[in-house]
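Next comes work.pdb, with PDB, C-alpha atoms.
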```
ATOM      1  CA  MET A  14     -25.790 -27.213  12.883
ATOM      2  CA  ASP A  15     -27.310 -28.409  16.164
ATOM      3  CA  ALA A  16     -25.348 -31.641  15.789
ATOM      4  CA  ALA A  17     -22.192 -29.697  14.997
ATOM      5  CA  GLU A  18     -22.632 -27.507  18.052
ATOM      6  CA  LEU A  19     -23.224 -30.591  20.186
ATOM      7  CA  VAL A  20     -19.940 -32.052  18.965
ATOM      8  CA  MET A  21     -18.256 -28.727  19.690
ATOM      9  CA  SER A  22     -19.688 -28.636  23.228
ATOM     10  CA  LYS A  23     -18.364 -32.118  23.866
ATOM     11  CA  ALA A  24     -14.970 -31.113  22.502
ATOM     12  CA  VAL A  25     -14.894 -28.111  24.827
ATOM     13  CA  ALA A  26     -15.896 -30.235  27.802
ATOM     14  CA  ALA A  27     -13.165 -32.721  26.971
ATOM     15  CA  GLY A  28     -10.607 -29.930  26.634
ATOM     16  CA  LYS A  29      -9.979 -30.767  22.986
ATOM     17  CA  ALA A  30     -11.511 -27.697  21.344
ATOM     18  CA  ASP A  31      -9.577 -24.668  20.184
ATOM     19  CA  VAL A  32     -10.213 -21.417  18.343
ATOM     20  CA  VAL A  33     -10.210 -23.276  15.025
ATOM     21  CA  THR A  34     -13.053 -25.469  16.274
ATOM     22  CA  TYR A  35     -15.135 -22.437  17.151
ATOM     23  CA  ASN A  36     -14.252 -20.630  13.919
ATOM     24  CA  THR A  37     -15.429 -23.633  11.917
ATOM     25  CA  VAL A  38     -18.837 -23.473  13.568
ATOM     26  CA  VAL A  39     -19.008 -19.683  13.115
ATOM     27  CA  LYS A  40     -18.236 -20.101   9.410
ATOM     28  CA  LYS A  41     -20.949 -22.736   8.996
ATOM     29  CA  HIS A  42     -23.543 -20.460  10.585
ATOM     30  CA  LEU A  43     -22.482 -17.570   8.347
ATOM     31  CA  GLN A  44     -22.617 -19.705   5.212
ATOM     32  CA  GLN A  45     -26.234 -20.488   6.066
ATOM     33  CA  GLY A  46     -27.014 -16.823   6.732
ATOM     34  CA  HIS A  47     -27.455 -17.303  10.476
ATOM     35  CA  LEU A  48     -25.707 -14.161  11.697
ATOM     36  CA  GLN A  49     -27.300 -14.231  15.145
ATOM     37  CA  ARG A  50     -26.182 -17.805  15.748
ATOM     38  CA  ALA A  51     -22.673 -16.868  14.661
ATOM     39  CA  HIS A  52     -22.644 -13.977  17.137
ATOM     40  CA  ALA A  53     -23.868 -16.348  19.856
ATOM     41  CA  VAL A  54     -20.931 -18.695  19.207
ATOM     42  CA  ILE A  55     -18.540 -15.751  19.377
ATOM     43  CA  GLU A  56     -19.956 -14.825  22.793
ATOM     44  CA  LYS A  57     -19.314 -18.406  23.901
ATOM     45  CA  MET A  58     -15.734 -18.036  22.726
ATOM     46  CA  ARG A  59     -15.296 -14.961  24.884
ATOM     47  CA  SER A  60     -16.810 -16.603  27.939
ATOM     48  CA  ALA A  61     -14.690 -19.746  27.456
ATOM     49  CA  GLY A  62     -11.511 -17.852  28.367
ATOM     50  CA  ASP A  63      -8.573 -16.140  26.703
ATOM     51  CA  SER A  64      -7.461 -19.339  24.988
ATOM     52  CA  TYR A  65     -10.675 -19.336  22.982
ATOM     53  CA  ALA A  66     -10.973 -15.592  22.332
ATOM     54  CA  PRO A  67     -12.062 -14.598  18.795
ATOM     55  CA  ASN A  68      -9.099 -13.978  16.506
ATOM     56  CA  ALA A  69      -8.627 -12.111  13.222
ATOM     57  CA  VAL A  70     -10.039 -15.065  11.268
ATOM     58  CA  THR A  71     -13.222 -14.947  13.345
ATOM     59  CA  PHE A  72     -13.765 -11.259  12.681
ATOM     60  CA  ASN A  73     -12.861 -11.521   8.989
ATOM     61  CA  GLU A  74     -15.514 -14.202   8.505
ATOM     62  CA  LEU A  75     -18.058 -12.056  10.322
ATOM     63  CA  ILE A  76     -17.149  -8.898   8.376
ATOM     64  CA  ASP A  77     -17.362 -10.776   5.067
ATOM     65  CA  ALA A  78     -20.811 -12.160   5.927
ATOM     66  CA  THR A  79     -22.042  -8.743   7.049
ATOM     67  CA  ILE A  80     -20.952  -7.114   3.782
ATOM     68  CA  ARG A  81     -22.632  -9.860   1.755
ATOM     69  CA  SER A  82     -25.782  -9.366   3.807
ATOM     70  CA  ASN A  83     -26.371  -5.606   3.812
ATOM     71  CA  GLY A  84     -23.152  -4.010   5.021
ATOM     72  CA  GLU A  85     -24.710  -2.472   8.101
ATOM     73  CA  GLY A  86     -22.553  -2.654  11.192
ATOM     74  CA  VAL A  87     -19.275  -3.373   9.406
ATOM     75  CA  TRP A  88     -17.411  -0.496  11.009
ATOM     76  CA  MET A  89     -18.716  -1.451  14.426
ATOM     77  CA  LEU A  90     -17.124  -4.855  13.857
ATOM     78  CA  ILE A  91     -13.850  -3.184  12.887
ATOM     79  CA  ASP A  92     -13.961  -1.134  16.096
ATOM     80  CA  GLU A  93     -14.796  -4.267  18.079
ATOM     81  CA  MET A  94     -11.904  -6.073  16.429
ATOM     82  CA  ARG A  95      -9.494  -3.343  17.466
ATOM     83  CA  ALA A  96     -10.963  -3.176  20.966
ATOM     84  CA  SER A  97     -10.151  -6.876  21.277
ATOM     85  CA  GLY A  98      -6.510  -6.052  20.648
ATOM     86  CA  LEU A  99      -6.539  -7.456  17.137
ATOM     87  CA  ARG A 100      -4.909  -5.659  14.227
ATOM     88  CA  PRO A 101      -6.878  -5.782  10.985
ATOM     89  CA  THR A 102      -5.048  -7.738   8.282
ATOM     90  CA  THR A 103      -4.693  -7.453   4.519
ATOM     91  CA  VAL A 104      -7.499 -10.021   4.342
ATOM     92  CA  THR A 105      -9.713  -7.628   6.298
ATOM     93  CA  CYS A 106      -8.873  -4.886   3.807
ATOM     94  CA  SER A 107      -9.587  -7.111   0.814
ATOM     95  CA  ILE A 108     -12.990  -8.005   2.263
ATOM     96  CA  LEU A 109     -13.858  -4.339   2.798
ATOM     97  CA  LEU A 110     -12.698  -3.447  -0.714
ATOM     98  CA  LYS A 111     -14.852  -6.230  -2.151
ATOM     99  CA  GLY A 112     -17.829  -4.463  -0.585
ATOM    100  CA  ILE A 113     -17.197  -1.278  -2.574
ATOM    101  CA  GLN A 114     -19.522  -1.234  -5.556
ATOM    102  CA  ARG A 115     -20.855   1.291  -8.057
ATOM    103  CA  GLY A 116     -23.536   2.528  -5.674
ATOM    104  CA  SER A 117     -21.339   2.781  -2.566
ATOM    105  CA  SER A 118     -21.472   6.125  -0.779
ATOM    106  CA  ALA A 119     -18.491   8.460  -1.039
ATOM    107  CA  ALA A 120     -18.114   8.298   2.746
ATOM    108  CA  ASP A 121     -17.852   4.490   2.751
ATOM    109  CA  VAL A 122     -15.369   4.508  -0.128
ATOM    110  CA  GLU A 123     -13.149   7.132   1.477
ATOM    111  CA  ARG A 124     -13.283   5.484   4.888
ATOM    112  CA  THR A 125     -12.310   2.144   3.379
ATOM    113  CA  MET A 126      -9.392   3.662   1.471
ATOM    114  CA  ALA A 127      -8.196   5.466   4.593
ATOM    115  CA  PHE A 128      -8.401   2.150   6.427
ATOM    116  CA  VAL A 129      -6.307   0.469   3.723
ATOM    117  CA  ARG A 130      -3.659   3.197   3.948
ATOM    118  CA  GLU A 131      -3.230   2.400   7.630
ATOM    119  CA  LEU A 132      -1.895  -0.972   6.541
ATOM    120  CA  GLU A 133       0.339   0.455   3.807
ATOM    121  CA  ASP A 134       3.359  -1.363   5.243
ATOM    122  CA  SER A 135       1.517  -4.669   4.792
ATOM    123  CA  MET A 136       0.438  -3.992   1.209
ATOM    124  CA  ASP A 137       0.848  -6.964  -1.101
ATOM    125  CA  GLU A 138      -0.044  -7.688  -4.722
ATOM    126  CA  VAL A 139      -3.487  -9.059  -3.943
ATOM    127  CA  LEU A 140      -4.399  -5.996  -1.898
ATOM    128  CA  LEU A 141      -3.001  -3.625  -4.533
ATOM    129  CA  SER A 142      -5.151  -5.276  -7.201
ATOM    130  CA  SER A 143      -8.185  -5.075  -4.912
ATOM    131  CA  VAL A 144      -7.617  -1.348  -4.347
ATOM    132  CA  CYS A 145      -7.373  -0.664  -8.088
ATOM    133  CA  GLU A 146     -10.497  -2.656  -8.898
ATOM    134  CA  ALA A 147     -12.480  -1.057  -6.058
ATOM    135  CA  CYS A 148     -11.580   2.472  -7.194
ATOM    136  CA  ILE A 149     -12.671   1.632 -10.741
ATOM    137  CA  ARG A 150     -15.986   0.169  -9.561
ATOM    138  CA  ALA A 151     -16.643   3.226  -7.417
ATOM    139  CA  SER A 152     -15.616   5.600 -10.248
ATOM    140  CA  ARG A 153     -13.045   7.345  -8.050
ATOM    141  CA  PRO A 154     -10.166   8.353 -10.337
ATOM    142  CA  ASP A 155      -8.819  10.662  -7.623
ATOM    143  CA  LEU A 156      -8.253   7.832  -5.161
ATOM    144  CA  LEU A 157      -6.971   5.544  -7.907
ATOM    145  CA  ALA A 158      -4.434   8.114  -9.146
ATOM    146  CA  ALA A 159      -3.182   8.610  -5.589
ATOM    147  CA  GLN A 160      -2.681   4.856  -5.142
ATOM    148  CA  LEU A 161      -0.802   4.537  -8.429
ATOM    149  CA  GLN A 162       1.357   7.498  -7.481
ATOM    150  CA  ARG A 163       2.334   5.748  -4.253
ATOM    151  CA  GLN A 164       3.054   2.576  -6.208
ATOM    152  CA  ARG A 165       5.386   4.485  -8.552
ATOM    153  CA  GLY A 166       7.246   5.971  -5.582
ATOM    154  CA  SER A 167      10.025   4.476  -3.504
ATOM    155  CA  GLY A 168       7.485   2.686  -1.315
ATOM    156  CA  GLY A 169       5.936   0.755  -4.185
ATOM    157  CA  ILE A 170       5.691  -2.994  -3.716
ATOM    158  CA  PRO A 171       7.539  -5.385  -6.063
ATOM    159  CA  ILE A 172       5.145  -6.914  -8.587
ATOM    160  CA  THR A 173       5.775 -10.481  -9.643
ATOM    161  CA  GLY A 174       2.413 -11.597 -11.026
ATOM    162  CA  ALA A 175       0.837 -10.971 -14.431
ATOM    163  CA  HIS A 176      -2.587 -10.648 -12.776
ATOM    164  CA  THR A 177      -1.422  -7.650 -10.727
ATOM    165  CA  PHE A 178       0.072  -6.027 -13.821
ATOM    166  CA  GLY A 179      -3.320  -6.500 -15.474
ATOM    167  CA  SER A 180      -5.055  -4.610 -12.663
ATOM    168  CA  ILE A 181      -2.540  -1.774 -12.869
ATOM    169  CA  ILE A 182      -2.825  -1.559 -16.662
ATOM    170  CA  ARG A 183      -6.616  -1.500 -16.369
ATOM    171  CA  ALA A 184      -6.320   1.259 -13.772
ATOM    172  CA  TYR A 185      -4.155   3.398 -16.043
ATOM    173  CA  GLY A 186      -6.595   2.812 -18.886
ATOM    174  CA  PHE A 187      -9.453   3.960 -16.665
ATOM    175  CA  LEU A 188      -7.495   7.144 -15.912
ATOM    176  CA  GLY A 189      -6.787   7.712 -19.614
ATOM    177  CA  ASP A 190      -3.043   7.408 -18.916
ATOM    178  CA  LEU A 191      -1.775   5.292 -21.789
ATOM    179  CA  GLN A 192       1.820   6.194 -21.004
ATOM    180  CA  GLY A 193       1.384   4.605 -17.593
ATOM    181  CA  ALA A 194      -0.348   1.556 -19.120
ATOM    182  CA  TRP A 195       2.452   1.044 -21.627
ATOM    183  CA  ALA A 196       5.074   1.485 -18.888
ATOM    184  CA  ALA A 197       3.422  -1.246 -16.785
ATOM    185  CA  TRP A 198       3.178  -3.511 -19.838
ATOM    186  CA  ALA A 199       6.852  -2.917 -20.701
ATOM    187  CA  GLN A 200       7.880  -3.612 -17.109
ATOM    188  CA  MET A 201       6.011  -6.906 -17.141
ATOM    189  CA  ARG A 202       7.507  -7.978 -20.471
ATOM    190  CA  SER A 203      11.038  -6.953 -19.416
ATOM    191  CA  ARG A 204      10.765  -9.363 -16.502
ATOM    192  CA  GLU A 205       9.837 -12.118 -18.967
ATOM    193  CA  LEU A 206       6.504 -12.661 -17.242
ATOM    194  CA  LEU A 207       4.009 -14.431 -19.456
ATOM    195  CA  PRO A 208       0.815 -12.357 -19.555
ATOM    196  CA  THR A 209      -2.490 -14.080 -18.977
ATOM    197  CA  SER A 210      -5.400 -13.699 -21.376
ATOM    198  CA  ILE A 211      -6.910 -11.271 -18.863
ATOM    199  CA  THR A 212      -3.737  -9.174 -18.741
ATOM    200  CA  ILE A 213      -3.652  -8.975 -22.539
ATOM    201  CA  GLY A 214      -7.324  -8.060 -22.541
ATOM    202  CA  CYS A 215      -6.677  -5.264 -20.031
ATOM    203  CA  MET A 216      -3.951  -3.765 -22.236
ATOM    204  CA  VAL A 217      -5.998  -4.028 -25.425
ATOM    205  CA  GLU A 218      -9.057  -2.574 -23.702
ATOM    206  CA  ALA A 219      -6.962   0.293 -22.278
ATOM    207  CA  LEU A 220      -5.915   1.214 -25.815
ATOM    208  CA  VAL A 221      -9.378   0.794 -27.344
ATOM    209  CA  SER A 222     -11.211   2.690 -24.598
ATOM    210  CA  ASN A 223      -8.828   5.601 -25.138
ATOM    211  CA  GLY A 224      -9.506   5.801 -28.869
ATOM    212  CA  GLN A 225      -6.709   3.582 -30.175
ATOM    213  CA  PRO A 226      -8.273   0.374 -31.552
ATOM    214  CA  GLU A 227      -5.595   0.204 -34.250
ATOM    215  CA  ALA A 228      -2.894   0.093 -31.578
ATOM    216  CA  GLY A 229      -4.864  -2.631 -29.830
ATOM    217  CA  LEU A 230      -4.961  -4.688 -33.021
ATOM    218  CA  GLU A 231      -1.234  -4.135 -33.575
ATOM    219  CA  LEU A 232      -0.555  -5.483 -30.100
ATOM    220  CA  ILE A 233      -2.680  -8.554 -30.876
ATOM    221  CA  HIS A 234      -0.681  -9.144 -34.056
ATOM    222  CA  GLU A 235       2.581  -8.759 -32.163
ATOM    223  CA  LEU A 236       1.504 -11.298 -29.560
ATOM    224  CA  SER A 237       0.165 -13.729 -32.156
ATOM    225  CA  ALA A 238       3.746 -14.115 -33.412
ATOM    226  CA  ASP A 239       4.887 -15.046 -29.893
ATOM    227  CA  GLU A 240       4.779 -18.828 -29.478
ATOM    228  CA  ARG A 241       3.993 -18.507 -25.766
ATOM    229  CA  ALA A 242       1.556 -15.580 -25.837
ATOM    230  CA  GLY A 243      -0.158 -16.373 -29.141
ATOM    231  CA  PRO A 244      -2.303 -19.228 -27.758
ATOM    232  CA  LEU A 245      -3.628 -16.867 -25.079
ATOM    233  CA  LEU A 246      -5.458 -14.688 -27.603
ATOM    234  CA  ASN A 247      -9.204 -15.258 -27.679
ATOM    235  CA  ALA A 248     -12.446 -13.810 -29.039
ATOM    236  CA  VAL A 249     -12.963 -11.680 -25.915
ATOM    237  CA  ILE A 250      -9.719  -9.805 -26.589
ATOM    238  CA  TYR A 251     -10.566  -9.330 -30.267
ATOM    239  CA  CYS A 252     -14.064  -8.198 -29.316
ATOM    240  CA  SER A 253     -12.656  -5.075 -27.662
ATOM    241  CA  VAL A 254     -11.099  -4.117 -30.983
ATOM    242  CA  LEU A 255     -14.322  -4.881 -32.870
ATOM    243  CA  LYS A 256     -16.267  -2.540 -30.589
ATOM    244  CA  GLY A 257     -13.576   0.129 -30.874
ATOM    245  CA  PHE A 258     -13.654   0.158 -34.674
ATOM    246  CA  THR A 259     -17.465   0.132 -34.615
ATOM    247  CA  GLN A 260     -17.566   3.191 -32.368
ATOM    248  CA  ARG A 261     -15.224   4.979 -34.764
ATOM    249  CA  LYS A 262     -17.399   3.860 -37.695
ATOM    250  CA  SER A 263     -14.392   2.105 -39.243
ATOM    251  CA  PHE A 264     -16.556  -0.694 -40.547
ATOM    252  CA  SER A 265     -14.071  -1.983 -43.113
ATOM    253  CA  ARG A 266     -11.708  -2.635 -40.207
ATOM    254  CA  VAL A 267     -14.484  -4.426 -38.316
ATOM    255  CA  TRP A 268     -15.013  -6.906 -41.145
ATOM    256  CA  ALA A 269     -11.261  -7.358 -41.601
ATOM    257  CA  VAL A 270     -10.866  -8.222 -37.929
ATOM    258  CA  TYR A 271     -13.857 -10.555 -38.165
ATOM    259  CA  GLU A 272     -12.251 -12.433 -41.049
ATOM    260  CA  GLU A 273      -9.044 -12.651 -39.043
ATOM    261  CA  MET A 274     -10.961 -14.151 -36.109
ATOM    262  CA  VAL A 275     -12.634 -16.711 -38.357
ATOM    263  CA  LYS A 276      -9.293 -17.648 -39.892
ATOM    264  CA  ALA A 277      -7.828 -18.110 -36.404
ATOM    265  CA  ARG A 278     -10.776 -20.395 -35.554
ATOM    266  CA  LEU A 279     -11.523 -18.531 -32.353
ATOM    267  CA  GLN A 280     -14.490 -19.630 -30.281
ATOM    268  CA  PHE A 281     -17.181 -16.965 -30.535
ATOM    269  CA  SER A 282     -19.625 -16.180 -27.736
ATOM    270  CA  ILE A 283     -22.950 -14.379 -27.693
ATOM    271  CA  VAL A 284     -21.018 -11.194 -26.853
ATOM    272  CA  THR A 285     -18.892 -11.565 -29.986
ATOM    273  CA  TYR A 286     -21.900 -12.095 -32.236
ATOM    274  CA  ASN A 287     -23.802  -9.216 -30.652
ATOM    275  CA  ALA A 288     -20.837  -6.911 -31.271
ATOM    276  CA  LEU A 289     -20.751  -7.950 -34.934
ATOM    277  CA  ILE A 290     -24.518  -7.546 -35.370
ATOM    278  CA  ASP A 291     -24.263  -4.115 -33.751
ATOM    279  CA  ALA A 292     -21.659  -3.207 -36.370
ATOM    280  CA  CYS A 293     -24.079  -4.386 -39.078
ATOM    281  CA  ALA A 294     -26.805  -2.124 -37.691
ATOM    282  CA  ARG A 295     -24.563   0.914 -37.332
ATOM    283  CA  ALA A 296     -23.134   0.444 -40.821
ATOM    284  CA  GLY A 297     -26.582  -0.034 -42.344
ATOM    285  CA  GLU A 298     -25.499  -3.430 -43.642
ATOM    286  CA  MET A 299     -28.085  -5.716 -42.084
ATOM    287  CA  ALA A 300     -27.648  -8.177 -44.947
ATOM    288  CA  ARG A 301     -24.495  -9.246 -43.131
ATOM    289  CA  ALA A 302     -26.513 -10.119 -40.016
ATOM    290  CA  GLN A 303     -28.293 -13.162 -41.476
ATOM    291  CA  PRO A 304     -25.117 -15.219 -42.022
ATOM    292  CA  LEU A 305     -24.040 -14.296 -38.495
ATOM    293  CA  LEU A 306     -27.340 -15.574 -37.090
ATOM    294  CA  GLN A 307     -26.818 -18.786 -39.043
ATOM    295  CA  ASP A 308     -23.317 -19.110 -37.578
ATOM    296  CA  MET A 309     -24.796 -18.610 -34.100
ATOM    297  CA  ALA A 310     -27.241 -21.450 -34.725
ATOM    298  CA  ARG A 311     -24.426 -23.647 -35.993
ATOM    299  CA  ASP A 312     -22.437 -22.936 -32.817
ATOM    300  CA  GLY A 313     -25.454 -23.672 -30.626
ATOM    301  CA  ILE A 314     -25.683 -20.084 -29.355
ATOM    302  CA  GLU A 315     -29.166 -18.736 -28.732
ATOM    303  CA  PRO A 316     -29.852 -15.039 -29.529
ATOM    304  CA  ASN A 317     -30.656 -12.995 -26.431
ATOM    305  CA  LEU A 318     -32.500  -9.753 -25.778
ATOM    306  CA  VAL A 319     -29.473  -7.693 -26.839
ATOM    307  CA  THR A 320     -29.326  -9.578 -30.139
ATOM    308  CA  TYR A 321     -32.986  -8.922 -30.972
ATOM    309  CA  SER A 322     -32.858  -5.309 -29.773
ATOM    310  CA  THR A 323     -29.851  -4.654 -31.993
ATOM    311  CA  ILE A 324     -31.549  -6.174 -35.036
ATOM    312  CA  VAL A 325     -34.711  -4.077 -34.717
ATOM    313  CA  LYS A 326     -33.119  -0.763 -33.753
TER     314      LYS A 326
END
```

Let's see the structure in the file written out as structure tokens.
Amino acid sequence: MDAAELVMSKAVAAGKADVVTYNTVVKKHLQQGHLQRAHAVIEKMRSAGDSYAPNAVTFNELIDATIRSNGEGVWMLIDEMRASGLRPTTVTCSILLKGIQRGSSAADVERTMAFVRELEDSMDEVLLSSVCEACIRASRPDLLAAQLQRQRGSGGIPITGAHTFGSIIRAYGFLGDLQGAWAAWAQMRSRELLPTSITIGCMVEALVSNGQPEAGLELIHELSADERAGPLLNAVIYCSVLKGFTQRKSFSRVWAVYEEMVKARLQFSIVTYNALIDACARAGEMARAQPLLQDMARDGIEPNLVTYSTIVK
């Protein structure tokens, strides 16, 4: 970075540097975890004159690095950003939402959501998805329900991407609102949007997690007959149904779905095999586990701790 800063200094002296030049150096420092050096460059930007003043990109990079570090001082940066006459952007909001995790404090979650609402007029699909995912991670159904309510209202943003529909469907599933999940799914299909594998997985998981694995399997069968959607089905999607039937102790359905997966020549993962071995254990049919272990070996998949723990439990 010393060489890079030397080049930057020469560019400034020659009058050929701009904010982008400085931001590039700031980003490099942040990528290497050198927060203090990044702050030093920002001070140079301020002292270089208004033409080189930090912009929203500068602050977004700094906020992102701070969150990835320890999160301390993020709101001071937001205040500093505003004091500089800069309006936080949807990118700023997405970065803050990314910082919300399972262990985030209620105060941080609520402050972030309040901050997002300030930019409601600038809401787009990416930000809407980020809000839904953050609320789920933080286990805040109250905030999630409020966001979905706003989306259903007259101020809701138009949704054009299957990924966003997936986030909304997942959100409704988290809230136990299958009517809302089905409505989002129907809206997506009515617009002739091709769902992604993730979107399909979100809908199937919403059904399974709310006690309807049979409905999830029916949806899989419906999509398998669709020449465009059928190829998107995979073992991950089926695995949700396997786990759902196992939890309901419907073991005959588990083995039927397994046979269906084998017939479809789906590519199994360690998660798939662990789900099947778990079904063996719960059903008291461990004789079925040995062929599964042999299939794992054939596929080059090594058993993990979950596999062994399931076998011995």

On this structure, the PyMOL selection byres ((chain A and resi 314) around 12) would catch which residues? List them as an mmCIF file with C-alpha atoms, in the frame of the given file, sorted by chain and number.
```cif
data_model
loop_
_atom_site.group_PDB
_atom_site.id
_atom_site.type_symbol
_atom_site.label_atom_id
_atom_site.label_comp_id
_atom_site.auth_asym_id
_atom_site.auth_seq_id
_atom_site.Cartn_x
_atom_site.Cartn_y
_atom_site.Cartn_z
ATOM 1 C CA GLN A 280 -14.490 -19.630 -30.281
ATOM 2 C CA PHE A 281 -17.181 -16.965 -30.535
ATOM 3 C CA SER A 282 -19.625 -16.180 -27.736
ATOM 4 C CA ILE A 283 -22.950 -14.379 -27.693
ATOM 5 C CA VAL A 284 -21.018 -11.194 -26.853
ATOM 6 C CA THR A 285 -18.892 -11.565 -29.986
ATOM 7 C CA TYR A 286 -21.900 -12.095 -32.236
ATOM 8 C CA ASN A 287 -23.802 -9.216 -30.652
ATOM 9 C CA LEU A 305 -24.040 -14.296 -38.495
ATOM 10 C CA LEU A 306 -27.340 -15.574 -37.090
ATOM 11 C CA GLN A 307 -26.818 -18.786 -39.043
ATOM 12 C CA ASP A 308 -23.317 -19.110 -37.578
ATOM 13 C CA MET A 309 -24.796 -18.610 -34.100
ATOM 14 C CA ALA A 310 -27.241 -21.450 -34.725
ATOM 15 C CA ARG A 311 -24.426 -23.647 -35.993
ATOM 16 C CA ASP A 312 -22.437 -22.936 -32.817
ATOM 17 C CA GLY A 313 -25.454 -23.672 -30.626
ATOM 18 C CA GLU A 315 -29.166 -18.736 -28.732
ATOM 19 C CA PRO A 316 -29.852 -15.039 -29.529
ATOM 20 C CA ASN A 317 -30.656 -12.995 -26.431
ATOM 21 C CA THR A 320 -29.326 -9.578 -30.139
#
```

Exercise for review: Name the residues captured by the PyMOL selection byres ((chain A and resi 69-77) around 10) when it is applied to the shown file; answer as an NGL selection string.
Suggested key: :A and (32-33 or 35-37 or 39-40 or 43-44 or 48 or 51-52 or 55 or 66-68 or 78-82 or 84-91 or 93-95 or 97-102 or 104-109 or 111-112)

Review point. Expressed in Å to a single decimal, how great is the separation between CA of Arg124 in chain A and CA of Pro171 in chain A?
Key: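 If I compute the distance from CA of Arg124 in chain A to CA of Pro171 in chain A, I get 25.9 Å.
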
Review point. So, counting all atoms listed in the file, which residue among A:Glu231, A:Ile182, A:Ala288, A:Glu273 is closest to Leu255 in chain A?
Key: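 Selected residue with least distance to Leu255 in chain A: A:Ala288.
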
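One finds CA of Tyr321 in chain A at 12.9 Å from CA of Leu289 in chain A.
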
Practice item. Please provide as a VMD selection string all residues within 9 Å of Arg295 in chain A, with the sequence filter that same-chain residues fewer than 2 positions apart are discarded (counting all atoms listed in the file). Key: chain A and resid 259 to 260 262 264 290 to 293 297 to 299

Exercise for review: Might you pull out every residue within 8 Å of range 206-221 of chain A, with all atoms listed in the file counted and same-chain residues fewer than 2 positions away left off, and present them as a PyMOL selection string?
Suggested key: chain A and resi 173-176+178-180+182-183+185-187+189+191+194+198+201-204+223-230+232-233+241-242+245-247+249-250+253-254+257

Generate N, CA, C and O atoms for range 161-172 of chain A and emit them as a PDB file, keeping the file's coordinate frame.
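part-v7.pdb written:
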```pdb
ATOM      1  N   LEU A 161      -1.815   4.820  -7.413  1.00  0.00           N
ATOM      2  CA  LEU A 161      -0.802   4.537  -8.429  1.00  0.00           C
ATOM      3  C   LEU A 161       0.431   5.395  -8.235  1.00  0.00           C
ATOM      4  O   LEU A 161       1.559   4.960  -8.496  1.00  0.00           O
ATOM      5  N   GLN A 162       0.232   6.620  -7.761  1.00  0.00           N
ATOM      6  CA  GLN A 162       1.357   7.498  -7.481  1.00  0.00           C
ATOM      7  C   GLN A 162       2.222   6.913  -6.371  1.00  0.00           C
ATOM      8  O   GLN A 162       3.462   6.924  -6.441  1.00  0.00           O
ATOM      9  N   ARG A 163       1.572   6.381  -5.335  1.00  0.00           N
ATOM     10  CA  ARG A 163       2.334   5.748  -4.253  1.00  0.00           C
ATOM     11  C   ARG A 163       3.075   4.516  -4.759  1.00  0.00           C
ATOM     12  O   ARG A 163       4.205   4.245  -4.342  1.00  0.00           O
ATOM     13  N   GLN A 164       2.428   3.768  -5.667  1.00  0.00           N
ATOM     14  CA  GLN A 164       3.054   2.576  -6.208  1.00  0.00           C
ATOM     15  C   GLN A 164       4.286   2.920  -7.039  1.00  0.00           C
ATOM     16  O   GLN A 164       5.272   2.186  -7.046  1.00  0.00           O
ATOM     17  N   ARG A 165       4.233   4.063  -7.740  1.00  0.00           N
ATOM     18  CA  ARG A 165       5.386   4.485  -8.552  1.00  0.00           C
ATOM     19  C   ARG A 165       6.531   4.990  -7.695  1.00  0.00           C
ATOM     20  O   ARG A 165       7.672   5.046  -8.147  1.00  0.00           O
ATOM     21  N   GLY A 166       6.224   5.402  -6.456  1.00  0.00           N
ATOM     22  CA  GLY A 166       7.246   5.971  -5.582  1.00  0.00           C
ATOM     23  C   GLY A 166       8.163   4.917  -4.993  1.00  0.00           C
ATOM     24  O   GLY A 166       8.092   3.725  -5.306  1.00  0.00           O
ATOM     25  N   SER A 167       9.034   5.367  -4.104  1.00  0.00           N
ATOM     26  CA  SER A 167      10.025   4.476  -3.504  1.00  0.00           C
ATOM     27  C   SER A 167       9.387   3.407  -2.632  1.00  0.00           C
ATOM     28  O   SER A 167       9.990   2.362  -2.371  1.00  0.00           O
ATOM     29  N   GLY A 168       8.151   3.656  -2.176  1.00  0.00           N
ATOM     30  CA  GLY A 168       7.485   2.686  -1.315  1.00  0.00           C
ATOM     31  C   GLY A 168       6.645   1.675  -2.065  1.00  0.00           C
ATOM     32  O   GLY A 168       5.930   0.877  -1.442  1.00  0.00           O
ATOM     33  N   GLY A 169       6.719   1.692  -3.390  1.00  0.00           N
ATOM     34  CA  GLY A 169       5.936   0.755  -4.185  1.00  0.00           C
ATOM     35  C   GLY A 169       6.347  -0.688  -3.935  1.00  0.00           C
ATOM     36  O   GLY A 169       7.521  -0.970  -3.693  1.00  0.00           O
ATOM     37  N   ILE A 170       5.383  -1.586  -3.974  1.00  0.00           N
ATOM     38  CA  ILE A 170       5.691  -2.994  -3.716  1.00  0.00           C
ATOM     39  C   ILE A 170       6.187  -3.662  -4.996  1.00  0.00           C
ATOM     40  O   ILE A 170       5.787  -3.289  -6.098  1.00  0.00           O
ATOM     41  N   PRO A 171       7.084  -4.636  -4.880  1.00  0.00           N
ATOM     42  CA  PRO A 171       7.539  -5.385  -6.063  1.00  0.00           C
ATOM     43  C   PRO A 171       6.371  -6.200  -6.633  1.00  0.00           C
ATOM     44  O   PRO A 171       5.627  -6.823  -5.882  1.00  0.00           O
ATOM     45  N   ILE A 172       6.225  -6.167  -7.938  1.00  0.00           N
ATOM     46  CA  ILE A 172       5.145  -6.914  -8.587  1.00  0.00           C
ATOM     47  C   ILE A 172       5.750  -8.094  -9.328  1.00  0.00           C
ATOM     48  O   ILE A 172       6.649  -7.934 -10.146  1.00  0.00           O
TER      49      ILE A 172
END
```
